[in-house]
$ cat model00.csv   # CSV, C-alpha atoms
chain,number,residue,atom,x,y,z
A,14,MET,CA,-41.4,-21.4,67.4
A,15,THR,CA,-43.1,-20.9,64.0
A,16,THR,CA,-41.5,-18.4,61.7
A,17,ARG,CA,-43.9,-15.6,60.7
A,18,VAL,CA,-43.7,-13.9,57.3
A,19,GLY,CA,-45.9,-10.9,56.7
A,20,VAL,CA,-47.4,-10.2,53.3
A,21,VAL,CA,-48.6,-6.6,52.8
A,22,THR,CA,-51.8,-5.9,50.9
A,23,PHE,CA,-52.1,-2.5,49.3
A,24,PRO,CA,-55.2,-1.3,47.3
A,25,GLY,CA,-54.6,-2.9,44.0
A,26,SER,CA,-52.4,-5.8,45.2
A,27,LEU,CA,-53.0,-8.9,43.0
A,28,ASP,CA,-50.5,-11.5,44.2
A,29,ASP,CA,-50.8,-11.2,48.0
A,30,ARG,CA,-52.7,-14.4,48.4
A,31,ASP,CA,-50.2,-16.2,46.1
A,32,ALA,CA,-47.3,-14.9,48.2
A,33,GLN,CA,-49.1,-16.1,51.4
A,34,ARG,CA,-49.5,-19.6,49.9
A,35,ALA,CA,-45.8,-19.7,48.9
A,36,VAL,CA,-44.8,-18.8,52.5
A,37,ARG,CA,-47.0,-21.6,53.8
A,38,LEU,CA,-45.6,-24.1,51.3
A,39,ALA,CA,-42.1,-23.2,52.5
A,40,GLY,CA,-43.1,-24.1,56.0
A,41,ALA,CA,-43.6,-20.7,57.6
A,42,GLU,CA,-46.7,-19.0,58.8
A,43,PRO,CA,-48.1,-16.2,56.5
A,44,VAL,CA,-49.4,-13.1,58.2
A,45,ALA,CA,-51.7,-10.7,56.3
A,46,LEU,CA,-50.6,-7.1,56.8
A,47,TRP,CA,-52.9,-4.2,55.8
A,48,HIS,CA,-51.2,-1.1,54.3
A,49,ARG,CA,-52.9,1.3,56.7
A,50,ASP,CA,-51.7,-0.5,59.8
A,51,LYS,CA,-48.3,0.3,61.2
A,52,ASP,CA,-48.2,-2.8,63.4
A,53,LEU,CA,-46.2,-5.6,61.8
A,54,HIS,CA,-47.7,-8.1,64.3
A,55,GLN,CA,-44.3,-9.5,65.3
A,56,VAL,CA,-43.4,-10.9,61.9
A,57,ASP,CA,-39.9,-12.1,61.2
A,58,ALA,CA,-39.8,-11.0,57.5
A,59,VAL,CA,-42.0,-9.1,55.1
A,60,VAL,CA,-43.0,-9.6,51.5
A,61,LEU,CA,-44.3,-6.7,49.4
A,62,PRO,CA,-46.3,-8.5,46.7
A,63,GLY,CA,-47.0,-7.8,43.0
A,64,GLY,CA,-49.9,-6.0,41.5
A,65,PHE,CA,-50.9,-2.4,40.7
A,66,SER,CA,-51.0,-0.6,44.0
A,67,TYR,CA,-53.1,2.5,43.8
A,68,GLY,CA,-53.5,1.7,40.1
A,69,ASP,CA,-49.9,2.7,39.6
A,70,TYR,CA,-51.1,6.3,39.7
A,71,LEU,CA,-48.3,8.9,39.4
A,72,ARG,CA,-45.7,6.1,39.2
A,73,ALA,CA,-45.7,2.5,40.1
A,74,GLY,CA,-45.2,2.2,43.8
A,75,ALA,CA,-45.1,6.0,44.4
A,76,ILE,CA,-48.2,6.2,46.6
A,77,SER,CA,-47.7,2.9,48.4
A,78,ARG,CA,-44.4,4.2,49.6
A,79,PHE,CA,-46.3,6.5,51.9
A,80,SER,CA,-48.6,3.9,53.4
A,81,PRO,CA,-48.4,3.7,57.2
A,82,VAL,CA,-47.1,0.1,57.1
A,83,MET,CA,-44.1,1.2,55.1
A,84,GLU,CA,-42.8,3.3,58.0
A,85,SER,CA,-42.5,0.2,60.0
A,86,VAL,CA,-41.1,-1.9,57.1
A,87,ILE,CA,-38.4,0.7,56.4
A,88,GLU,CA,-37.5,0.9,60.1
A,89,GLN,CA,-37.2,-2.8,60.5
A,90,ALA,CA,-35.4,-3.3,57.2
A,91,LYS,CA,-32.7,-0.9,58.3
A,92,LEU,CA,-32.4,-3.0,61.5
A,93,GLY,CA,-31.9,-6.2,59.4
A,94,MET,CA,-35.3,-7.7,58.9
A,95,PRO,CA,-35.5,-9.6,55.6
A,96,VAL,CA,-37.8,-7.8,53.1
A,97,LEU,CA,-38.7,-9.1,49.6
A,98,GLY,CA,-40.2,-6.9,47.0
A,99,ILE,CA,-41.8,-8.7,44.0
A,100,CYS,CA,-42.6,-6.7,40.9
A,101,ASN,CA,-44.8,-3.9,42.3
A,102,GLY,CA,-43.1,-4.6,45.6
A,103,PHE,CA,-39.7,-4.0,43.9
A,104,GLN,CA,-41.1,-0.7,42.6
A,105,VAL,CA,-42.1,0.3,46.2
A,106,LEU,CA,-38.7,-0.5,47.5
A,107,THR,CA,-37.0,1.8,45.0
A,108,GLU,CA,-39.6,4.5,45.7
A,109,CYS,CA,-38.8,4.4,49.5
A,110,HIS,CA,-35.1,4.1,48.8
A,111,LEU,CA,-34.5,0.8,50.5
A,112,LEU,CA,-33.1,-0.1,47.1
A,113,PRO,CA,-31.4,2.3,44.6
A,114,GLY,CA,-32.5,3.1,41.1
A,115,ALA,CA,-36.0,3.3,39.5
A,116,MET,CA,-38.4,1.4,37.4
A,117,LEU,CA,-39.4,2.8,34.0
A,118,ARG,CA,-42.0,1.8,31.4
A,119,ASN,CA,-40.9,-1.3,29.4
A,120,ASN,CA,-38.9,-0.2,26.4
A,121,HIS,CA,-41.4,-1.7,23.9
A,122,LEU,CA,-44.3,0.1,25.7
A,123,HIS,CA,-46.3,-3.1,26.1
A,124,PHE,CA,-47.4,-5.2,29.1
A,125,ILE,CA,-45.4,-8.5,29.1
A,126,CYS,CA,-46.4,-11.8,30.5
A,127,ARG,CA,-44.1,-14.8,29.9
A,128,GLU,CA,-42.0,-17.4,31.5
A,129,GLN,CA,-38.5,-15.9,32.0
A,130,LYS,CA,-35.1,-17.6,32.3
A,131,LEU,CA,-32.9,-16.0,35.0
A,132,ARG,CA,-29.4,-16.6,36.3
A,133,VAL,CA,-28.8,-16.4,40.1
A,134,GLU,CA,-25.9,-14.0,40.4
A,135,ASN,CA,-25.8,-13.8,44.3
A,136,ALA,CA,-26.7,-16.7,46.5
A,137,GLY,CA,-25.6,-14.9,49.6
A,138,THR,CA,-28.7,-12.8,50.4
A,139,ALA,CA,-31.5,-13.6,52.9
A,140,TRP,CA,-33.8,-14.7,50.0
A,141,THR,CA,-31.4,-16.6,47.8
A,142,ALA,CA,-29.3,-18.8,50.1
A,143,ASP,CA,-31.0,-22.0,48.9
A,144,TYR,CA,-29.8,-21.3,45.3
A,145,GLU,CA,-26.3,-21.6,43.9
A,146,ALA,CA,-24.5,-18.7,42.2
A,147,GLY,CA,-24.7,-19.2,38.5
A,148,GLN,CA,-27.8,-21.4,38.8
A,149,GLU,CA,-30.4,-20.9,36.0
A,150,ILE,CA,-34.0,-20.9,36.9
A,151,HIS,CA,-37.4,-20.2,35.3
A,152,ILE,CA,-39.8,-17.7,36.9
A,153,PRO,CA,-43.0,-16.1,35.5
A,154,LEU,CA,-42.7,-12.4,34.6
A,155,LYS,CA,-45.6,-9.9,34.1
A,156,ASN,CA,-45.2,-6.2,34.1
A,157,MET,CA,-45.6,-2.9,32.4
A,158,ASP,CA,-43.1,-0.8,34.3
A,159,GLY,CA,-40.2,-3.3,34.6
A,160,ARG,CA,-37.2,-1.6,33.1
A,161,TYR,CA,-34.6,-1.1,35.8
A,162,THR,CA,-32.5,2.0,35.6
A,163,ALA,CA,-30.0,3.9,37.6
A,164,ASP,CA,-27.2,6.3,37.1
A,165,ALA,CA,-23.8,4.9,35.9
A,166,ARG,CA,-22.2,5.3,39.4
A,167,THR,CA,-25.0,3.3,41.0
A,168,ILE,CA,-24.8,0.5,38.4
A,169,ASP,CA,-21.1,0.3,38.8
A,170,GLU,CA,-21.5,0.0,42.6
A,171,LEU,CA,-24.2,-2.7,42.3
A,172,GLU,CA,-22.0,-4.7,39.9
A,173,ALA,CA,-18.8,-4.3,41.9
A,174,GLU,CA,-20.4,-5.2,45.2
A,175,GLY,CA,-22.3,-8.2,43.9
A,176,ARG,CA,-25.6,-6.7,44.5
A,177,VAL,CA,-27.1,-7.7,41.2
A,178,VAL,CA,-28.9,-10.8,42.5
A,179,PHE,CA,-30.7,-11.9,39.3
A,180,ARG,CA,-30.0,-11.3,35.6
A,181,TYR,CA,-32.3,-12.0,32.6
A,182,LEU,CA,-31.0,-14.7,30.3
A,183,ASP,CA,-31.7,-15.3,26.5
A,184,VAL,CA,-33.8,-12.2,26.2
A,185,ASN,CA,-34.1,-8.9,28.0
A,186,PRO,CA,-37.9,-8.5,28.3
A,187,ASN,CA,-38.1,-4.9,29.2
A,188,GLY,CA,-34.8,-3.1,28.4
A,189,SER,CA,-33.3,-3.2,32.0
A,190,ILE,CA,-29.8,-1.9,32.2
A,191,ASN,CA,-27.2,-4.8,32.2
A,192,ASP,CA,-30.1,-7.3,32.0
A,193,ILE,CA,-30.8,-6.7,35.7
A,194,ALA,CA,-33.8,-8.6,37.0
A,195,GLY,CA,-33.2,-8.1,40.7
A,196,ILE,CA,-30.9,-6.4,43.2
A,197,SER,CA,-30.2,-6.3,46.9
A,198,ASN,CA,-29.2,-3.7,49.5
A,199,ALA,CA,-25.6,-3.7,50.8
A,200,ALA,CA,-26.6,-5.9,53.8
A,201,GLY,CA,-28.4,-8.5,51.7
A,202,ASN,CA,-31.6,-8.6,53.8
A,203,VAL,CA,-33.6,-6.5,51.3
A,204,VAL,CA,-34.1,-8.0,47.8
A,205,GLY,CA,-36.3,-6.7,44.9
A,206,LEU,CA,-37.0,-8.4,41.6
A,207,MET,CA,-39.5,-8.1,38.8
A,208,PRO,CA,-40.2,-11.8,38.1
A,209,HIS,CA,-42.8,-13.6,40.4
A,210,PRO,CA,-41.3,-16.5,42.4
A,211,GLU,CA,-44.6,-17.0,44.2
A,212,HIS,CA,-46.0,-18.2,40.8
A,213,ALA,CA,-43.4,-21.0,40.6
A,214,VAL,CA,-43.9,-22.9,43.8
A,215,GLU,CA,-46.1,-25.8,42.7
A,216,PRO,CA,-46.0,-28.1,39.7
A,217,LEU,CA,-49.6,-27.6,38.7
A,218,VAL,CA,-49.6,-23.8,38.4
A,219,GLY,CA,-47.4,-21.1,36.9
A,220,THR,CA,-44.4,-22.4,35.1
A,221,GLY,CA,-45.2,-26.0,36.1
A,222,GLY,CA,-42.0,-26.0,38.2
A,223,THR,CA,-40.9,-25.0,41.7
A,224,ASP,CA,-37.9,-22.8,41.0
A,225,GLY,CA,-39.5,-20.0,43.0
A,226,LEU,CA,-40.0,-21.9,46.2
A,227,ARG,CA,-36.4,-21.5,47.3
A,228,PHE,CA,-36.9,-17.8,47.8
A,229,PHE,CA,-39.2,-18.6,50.7
A,230,THR,CA,-37.2,-21.6,52.1
A,231,SER,CA,-34.1,-19.5,52.0
A,232,VAL,CA,-35.4,-16.8,54.3
A,233,LEU,CA,-37.0,-19.5,56.6
A,234,LYS,CA,-33.6,-21.2,57.0
A,235,GLN,CA,-31.8,-18.0,57.7
A,236,LEU,CA,-34.3,-16.9,60.3
A,237,VAL,CA,-34.3,-20.3,62.0
A,238,ASN,CA,-30.5,-20.4,62.1
A,239,ALA,CA,-30.1,-16.7,63.2

$ encode --input "model00.csv" --output "structure tokens"
Amino acid sequence: MTTRVGVVTFPGSLDDRDAQRAVRLAGAEPVALWHRDKDLHQVDAVVLPGGFSYGDYLRAGAISRFSPVMESVIEQAKLGMPVLGICNGFQVLTECHLLPGAMLRNNHLHFICREQKLRVENAGTAWTADYEAGQEIHIPLKNMDGRYTADARTIDELEAEGRVVFRYLDVNPNGSINDIAGISNAAGNVVGLMPHPEHAVEPLVGTGGTDGLRFFTSVLKQLVNA
């Protein structure tokens, strides 16, 4: 049976089609999900893509958190469904409290778009099993509100529990605490990160590499072997 991965489109989503293509290249069936529809159409996993949902009005991800589809995403995530939030999707995951902390404006107050070097800190999540802990990868980064922050207790818990999944290397592009580029929930089925793996799945686009494809092959293998 084909594995189905839903990709949510919010008003202002920019990278939903890219995420669908990445899912297809990994060998799964991408399913377009509309933000006003609570029905997840029997998908096995969900991707919340990048963009500027609702124009980042109020705060990035603050309005999308209340979209009807998120009720179902939150419910299924708590039951173990794999959910990946990319950039704006990461912001939505913090706003709906599937992941702790918050995203602030970049410390230099400028939009940034660059190739970013990352280190994989945790290869045990639903979305990173095809990587190795300590592996260094290159993934495109583009954001304005990408500075991850949380209170000291939360940061200590994330570090102690191995829930910092990715860390920026060589340069911290936005001032995130502890160079954090991505985190997971305690169960490891929900992952959020600011860089865009869906833009690093083919040699002819993005970084010119395929370091991001393993996000999507990771979740496919986990679902097939579940």

$ residues_around --input "model00.csv" --residues "stretch 57-68 of chain A" --least-positions-apart "4" --cutoff "6 Å" --atoms "only C-alpha atoms" --output "NGL selection string"
:A and (17-21 or 23-29 or 94-102)

$ atom_distance --input "model00.csv" --atom1 "atom CA of A:His110" --atom2 "atom CA of A:Leu92"
14.8 Å

$ residues_near_point --input "model00.csv" --point "(-41.1, -22.3, 46.0)" --cutoff "7 Å" --atoms "all atoms listed in the file" --output "MDAnalysis selection string"
chainID A and resid 35 39 210:211 213:215 223:229

$ atom_distance --input "model00.csv" --atom1 "atom CA of A:His48" --atom2 "atom CA of A:Asp31"
17.2 Å

$ closest_residue --input "model00.csv" --among "A:Ser231, A:Asn185, A:Ser85, A:Ser197" --to "A:Leu154" --atoms "only C-alpha atoms"
A:Asn185

$ atom_distance --input "model00.csv" --atom1 "atom CA of A:Gly159" --atom2 "atom CA of A:Arg127"
13.0 Å

$ closest_residue --input "model00.csv" --among "A:Asp143, A:Glu108, A:Asp169, A:Asp158" --to "A:Leu233" --atoms "all atoms listed in the file"
A:Asp143

$ residues_around --input "model00.csv" --residues "A:Ala41" --least-positions-apart "3" --cutoff "6 Å" --atoms "only C-alpha atoms" --output "MDAnalysis selection string"
chainID A and resid 16:17 36:37

$ closest_atom_pairs --input "model00.csv" --of "stretch 97-176 of chain A" --to "stretch 187-195 of chain A" --cutoff "9 Å" --atoms "only C-alpha atoms" --output "CSV"
residue,atom,partner,partner_atom,distance
A:Phe103,CA,A:Gly195,CA,8.3
A:Met116,CA,A:Ser189,CA,8.7
A:Leu117,CA,A:Ser189,CA,8.8
A:Arg118,CA,A:Asn187,CA,8.1
A:Asn119,CA,A:Asn187,CA,4.6
A:Asn120,CA,A:Gly188,CA,5.4
A:His121,CA,A:Asn187,CA,7.0
A:Leu122,CA,A:Asn187,CA,8.7
A:His123,CA,A:Asn187,CA,8.9
A:Ile125,CA,A:Asn187,CA,8.1
A:Leu131,CA,A:Ala194,CA,7.7
A:Asn156,CA,A:Asn187,CA,8.7
A:Met157,CA,A:Asn187,CA,8.4
A:Asp158,CA,A:Asn187,CA,8.2
A:Gly159,CA,A:Asn187,CA,6.0
A:Arg160,CA,A:Ser189,CA,4.4
A:Tyr161,CA,A:Ser189,CA,4.5
A:Thr162,CA,A:Ile190,CA,5.8
A:Ala163,CA,A:Ile190,CA,7.9
A:Ile168,CA,A:Ile190,CA,8.3
A:Arg176,CA,A:Gly195,CA,8.6

$ build_atoms --input "model00.csv" --residues "stretch 227-238 of chain A" --atoms "all heavy atoms" --output "PDB file, in the coordinates of the input"
ATOM      1  N   ARG A 227     -37.609 -21.681  46.499  1.00  0.00           N
ATOM      2  CA  ARG A 227     -36.400 -21.500  47.300  1.00  0.00           C
ATOM      3  C   ARG A 227     -36.218 -20.082  47.826  1.00  0.00           C
ATOM      4  O   ARG A 227     -35.453 -19.875  48.774  1.00  0.00           O
ATOM      5  CB  ARG A 227     -35.167 -21.921  46.475  1.00  0.00           C
ATOM      6  CG  ARG A 227     -35.158 -23.392  46.109  1.00  0.00           C
ATOM      7  CD  ARG A 227     -33.851 -23.811  45.476  1.00  0.00           C
ATOM      8  NE  ARG A 227     -33.944 -25.139  44.873  1.00  0.00           N
ATOM      9  CZ  ARG A 227     -32.914 -25.786  44.356  1.00  0.00           C
ATOM     10  NH1 ARG A 227     -31.705 -25.230  44.355  1.00  0.00           N
ATOM     11  NH2 ARG A 227     -33.082 -26.983  43.826  1.00  0.00           N
ATOM     12  N   PHE A 228     -36.904 -19.113  47.240  1.00  0.00           N
ATOM     13  CA  PHE A 228     -36.900 -17.800  47.800  1.00  0.00           C
ATOM     14  C   PHE A 228     -37.390 -17.874  49.283  1.00  0.00           C
ATOM     15  O   PHE A 228     -36.808 -17.290  50.205  1.00  0.00           O
ATOM     16  CB  PHE A 228     -37.842 -16.842  47.073  1.00  0.00           C
ATOM     17  CG  PHE A 228     -37.251 -16.241  45.835  1.00  0.00           C
ATOM     18  CD1 PHE A 228     -37.212 -16.954  44.655  1.00  0.00           C
ATOM     19  CD2 PHE A 228     -36.742 -14.951  45.850  1.00  0.00           C
ATOM     20  CE1 PHE A 228     -36.679 -16.414  43.514  1.00  0.00           C
ATOM     21  CE2 PHE A 228     -36.204 -14.392  44.713  1.00  0.00           C
ATOM     22  CZ  PHE A 228     -36.165 -15.117  43.539  1.00  0.00           C
ATOM     23  N   PHE A 229     -38.467 -18.597  49.456  1.00  0.00           N
ATOM     24  CA  PHE A 229     -39.200 -18.600  50.700  1.00  0.00           C
ATOM     25  C   PHE A 229     -38.529 -19.625  51.710  1.00  0.00           C
ATOM     26  O   PHE A 229     -38.521 -19.385  52.917  1.00  0.00           O
ATOM     27  CB  PHE A 229     -40.641 -18.927  50.479  1.00  0.00           C
ATOM     28  CG  PHE A 229     -41.240 -17.971  49.492  1.00  0.00           C
ATOM     29  CD1 PHE A 229     -41.340 -18.300  48.140  1.00  0.00           C
ATOM     30  CD2 PHE A 229     -41.654 -16.708  49.891  1.00  0.00           C
ATOM     31  CE1 PHE A 229     -41.863 -17.404  47.217  1.00  0.00           C
ATOM     32  CE2 PHE A 229     -42.172 -15.809  48.981  1.00  0.00           C
ATOM     33  CZ  PHE A 229     -42.276 -16.154  47.637  1.00  0.00           C
ATOM     34  N   THR A 230     -37.960 -20.704  51.194  1.00  0.00           N
ATOM     35  CA  THR A 230     -37.200 -21.600  52.100  1.00  0.00           C
ATOM     36  C   THR A 230     -35.897 -20.977  52.500  1.00  0.00           C
ATOM     37  O   THR A 230     -35.412 -21.237  53.607  1.00  0.00           O
ATOM     38  CB  THR A 230     -36.960 -22.968  51.399  1.00  0.00           C
ATOM     39  OG1 THR A 230     -36.252 -22.780  50.171  1.00  0.00           O
ATOM     40  CG2 THR A 230     -38.273 -23.688  51.112  1.00  0.00           C
ATOM     41  N   SER A 231     -35.323 -20.145  51.637  1.00  0.00           N
ATOM     42  CA  SER A 231     -34.100 -19.500  52.000  1.00  0.00           C
ATOM     43  C   SER A 231     -34.222 -18.598  53.209  1.00  0.00           C
ATOM     44  O   SER A 231     -33.439 -18.672  54.163  1.00  0.00           O
ATOM     45  CB  SER A 231     -33.584 -18.598  50.804  1.00  0.00           C
ATOM     46  OG  SER A 231     -33.169 -19.376  49.703  1.00  0.00           O
ATOM     47  N   VAL A 232     -35.255 -17.749  53.193  1.00  0.00           N
ATOM     48  CA  VAL A 232     -35.400 -16.800  54.300  1.00  0.00           C
ATOM     49  C   VAL A 232     -35.840 -17.586  55.569  1.00  0.00           C
ATOM     50  O   VAL A 232     -35.433 -17.228  56.693  1.00  0.00           O
ATOM     51  CB  VAL A 232     -36.432 -15.710  53.986  1.00  0.00           C
ATOM     52  CG1 VAL A 232     -37.878 -16.217  53.973  1.00  0.00           C
ATOM     53  CG2 VAL A 232     -36.277 -14.538  54.937  1.00  0.00           C
ATOM     54  N   LEU A 233     -36.589 -18.659  55.415  1.00  0.00           N
ATOM     55  CA  LEU A 233     -37.000 -19.500  56.600  1.00  0.00           C
ATOM     56  C   LEU A 233     -35.748 -20.055  57.259  1.00  0.00           C
ATOM     57  O   LEU A 233     -35.609 -19.989  58.479  1.00  0.00           O
ATOM     58  CB  LEU A 233     -37.938 -20.576  56.117  1.00  0.00           C
ATOM     59  CG  LEU A 233     -38.416 -21.556  57.190  1.00  0.00           C
ATOM     60  CD1 LEU A 233     -39.151 -20.817  58.301  1.00  0.00           C
ATOM     61  CD2 LEU A 233     -39.290 -22.621  56.574  1.00  0.00           C
ATOM     62  N   LYS A 234     -34.847 -20.635  56.463  1.00  0.00           N
ATOM     63  CA  LYS A 234     -33.600 -21.200  57.000  1.00  0.00           C
ATOM     64  C   LYS A 234     -32.750 -20.189  57.695  1.00  0.00           C
ATOM     65  O   LYS A 234     -32.175 -20.413  58.767  1.00  0.00           O
ATOM     66  CB  LYS A 234     -32.874 -21.986  55.959  1.00  0.00           C
ATOM     67  CG  LYS A 234     -33.554 -23.260  55.514  1.00  0.00           C
ATOM     68  CD  LYS A 234     -32.749 -23.975  54.446  1.00  0.00           C
ATOM     69  CE  LYS A 234     -33.441 -25.264  54.001  1.00  0.00           C
ATOM     70  NZ  LYS A 234     -32.690 -25.974  52.939  1.00  0.00           N
ATOM     71  N   GLN A 235     -32.667 -19.008  57.072  1.00  0.00           N
ATOM     72  CA  GLN A 235     -31.800 -18.000  57.700  1.00  0.00           C
ATOM     73  C   GLN A 235     -32.380 -17.521  59.008  1.00  0.00           C
ATOM     74  O   GLN A 235     -31.636 -17.337  59.975  1.00  0.00           O
ATOM     75  CB  GLN A 235     -31.720 -16.751  56.735  1.00  0.00           C
ATOM     76  CG  GLN A 235     -30.677 -15.774  57.239  1.00  0.00           C
ATOM     77  CD  GLN A 235     -30.932 -14.346  56.793  1.00  0.00           C
ATOM     78  OE1 GLN A 235     -32.006 -13.805  56.960  1.00  0.00           O
ATOM     79  NE2 GLN A 235     -29.913 -13.744  56.229  1.00  0.00           N
ATOM     80  N   LEU A 236     -33.704 -17.372  59.084  1.00  0.00           N
ATOM     81  CA  LEU A 236     -34.300 -16.900  60.300  1.00  0.00           C
ATOM     82  C   LEU A 236     -34.206 -17.993  61.420  1.00  0.00           C
ATOM     83  O   LEU A 236     -33.971 -17.683  62.591  1.00  0.00           O
ATOM     84  CB  LEU A 236     -35.778 -16.561  60.080  1.00  0.00           C
ATOM     85  CG  LEU A 236     -35.992 -15.303  59.232  1.00  0.00           C
ATOM     86  CD1 LEU A 236     -37.454 -15.199  58.791  1.00  0.00           C
ATOM     87  CD2 LEU A 236     -35.574 -14.065  59.995  1.00  0.00           C
ATOM     88  N   VAL A 237     -34.358 -19.250  61.042  1.00  0.00           N
ATOM     89  CA  VAL A 237     -34.300 -20.300  62.000  1.00  0.00           C
ATOM     90  C   VAL A 237     -32.854 -20.461  62.559  1.00  0.00           C
ATOM     91  O   VAL A 237     -32.639 -20.729  63.744  1.00  0.00           O
ATOM     92  CB  VAL A 237     -34.711 -21.664  61.369  1.00  0.00           C
ATOM     93  CG1 VAL A 237     -34.358 -22.844  62.264  1.00  0.00           C
ATOM     94  CG2 VAL A 237     -36.212 -21.645  61.092  1.00  0.00           C
ATOM     95  N   ASN A 238     -31.867 -20.218  61.685  1.00  0.00           N
ATOM     96  CA  ASN A 238     -30.500 -20.400  62.100  1.00  0.00           C
ATOM     97  C   ASN A 238     -29.865 -19.090  62.675  1.00  0.00           C
ATOM     98  O   ASN A 238     -28.714 -19.073  63.098  1.00  0.00           O
ATOM     99  CB  ASN A 238     -29.620 -20.794  60.881  1.00  0.00           C
ATOM    100  CG  ASN A 238     -29.996 -22.184  60.396  1.00  0.00           C
ATOM    101  OD1 ASN A 238     -30.402 -23.043  61.187  1.00  0.00           O
ATOM    102  ND2 ASN A 238     -29.888 -22.408  59.094  1.00  0.00           N
TER     103      ASN A 238
END
